[in-house]
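Below is one structure, written out as structure tokens, with a few remarks after it.
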Amino acid sequence: MSWLEALILGLLQGLTEFLPVSSSGHLELGGALFGLEDPHDFFTFNIIVHGATFLSVVVVFWRDIVLLVSNFFRFRWNQEMRFAVLLLVSAIPTAVVGLLFEEQIEHVFEGRIVFVGSMLLITATLLFITRFVPKNHKDVTLKSALVIGIAQTLAILPGISRSGATISTALFFGIERSRAIRFSFLMVLIPIFGANFLKIISVSEQATAGSMDVAPMVIGAVTAFLAGVVACRWMLNIVRRGKIEYFSIYCVIVGITAIIAGSM
């Protein structure tokens, strides 16, 4: 992977992680476009740039994170403590699937662009349906947190947007929009941190982590972080204004293009 390819892929990851268009799907399409053939190195790069977007969430939501962590370790049951517990509950499905099916998940990232295109059409459908969801002011519950967590787990599949799936699911439950997006963006911190922690352990236990140079990883990570900060703040305004369904048009166009290109 060249530094230019890493720069472009990092930009794709940072911008699309928070926009409901599937960052993993765009990374797969980008990898196929550049002809990146080593699935192990590409999977490692994928994990690293996702870790960079983890940091972008920390920057944007640092006040919320400090408040949640401080209340959690005080062991006092209040609104923030309840919210922190629900975030932990939402991480259970992803943790179970990630631990039990790590090898199978890595094989998903092997440039199947027809599959990615098909999943983007599913994402488009989810986004479009939100247009018909009535506005409500409900809060996140134990049940909705678990189902939203399952939606996040399905976003392991390239082409299923994590933010699109989780925010759409939250809106289907009638959760108020600002609460839905806050929950969606903060819930990603736990699985991304866990995935990067396990990846670091895995790499450190191997004599060779792969043939990929460090420089492209650093370039991709820095680009993903900076783009992620911009996209995260942009997405906050989009969801609050109720414009999320318009991204379905983009997903349909890219999805159909990927299916056609992959079938040729």
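Please note that chains go A, B, ... in the order of the structure tokens, that every chain numbers its residues from 1, and that ligands are numbered from 1 in the order shown.
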*Name the residues of segment 23-235 of chain A that come out as helix (DSSP H, G or I) in a backbone DSSP run; write them as a PyMOL selection string.*
chain A and resi 23-34+39-60+62-72+79-100+102-108+113-132+142-154+162-172+177-187+189-204+214-235
_as a ChimeraX atom specification, please: the residues near segment 182-190 of chain A (cut-off 8 Å, only C-alpha atoms, same-chain neighbours under 3 positions excluded)._
/A:18,54,57,61,87-88,90-91,163,166-167,178-179,193-194
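In this structure, atom CA of Gly30 of chain A sits 12.0 Å away from atom CA of Leu4 of chain A.
Within the 10 Å cut-off around Thr123 of chain A, using only C-alpha atoms and omitting residues fewer than 4 positions from it on the same chain, the listed residues are Pro20, Val21, Ser22, Gly117, Ser118, Met119, Leu127, Phe128, Ala155, Gly159, Ile160, Ser161, Arg162, Gly164, Ala165, Ser168, Phe247, Ser248, Cys251, Val252 and Gly255 of chain A.
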*asked:* Counting only C-alpha atoms, which residue out of A:Ile8, A:Leu19, A:Ala95, A:Ala32 sits closest to Lys243 of chain A?
replied: A:Leu19
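Residue nearest Arg177 of chain A within the list A:Ala6, A:Val140, A:Leu154, A:Ala52: A:Val140 [criterion: smallest interatomic distance, only C-alpha atoms].
The shortest atom-to-atom distance to Ile113 of chain A, with only C-alpha atoms taken into account, belongs to A:Leu157 out of A:Val49, A:Leu157, A:Val69, A:Met217.
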*Shortest interatomic distance to Trp62 of chain A - which of A:Val229, A:Leu9, A:Ala151, A:Ile260, counting only C-alpha atoms*: A:Val229
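Interatomic distance, atom CA of Leu68 of chain A to atom CA of Leu86 of chain A: 11.3 Å.
Comparing the minimum interatomic distances between Leu27 of chain A and each of A:Gln13, A:Gln79, A:Thr94, A:Asn136, counting only C-alpha atoms, we find that A:Gln13 sits nearest.
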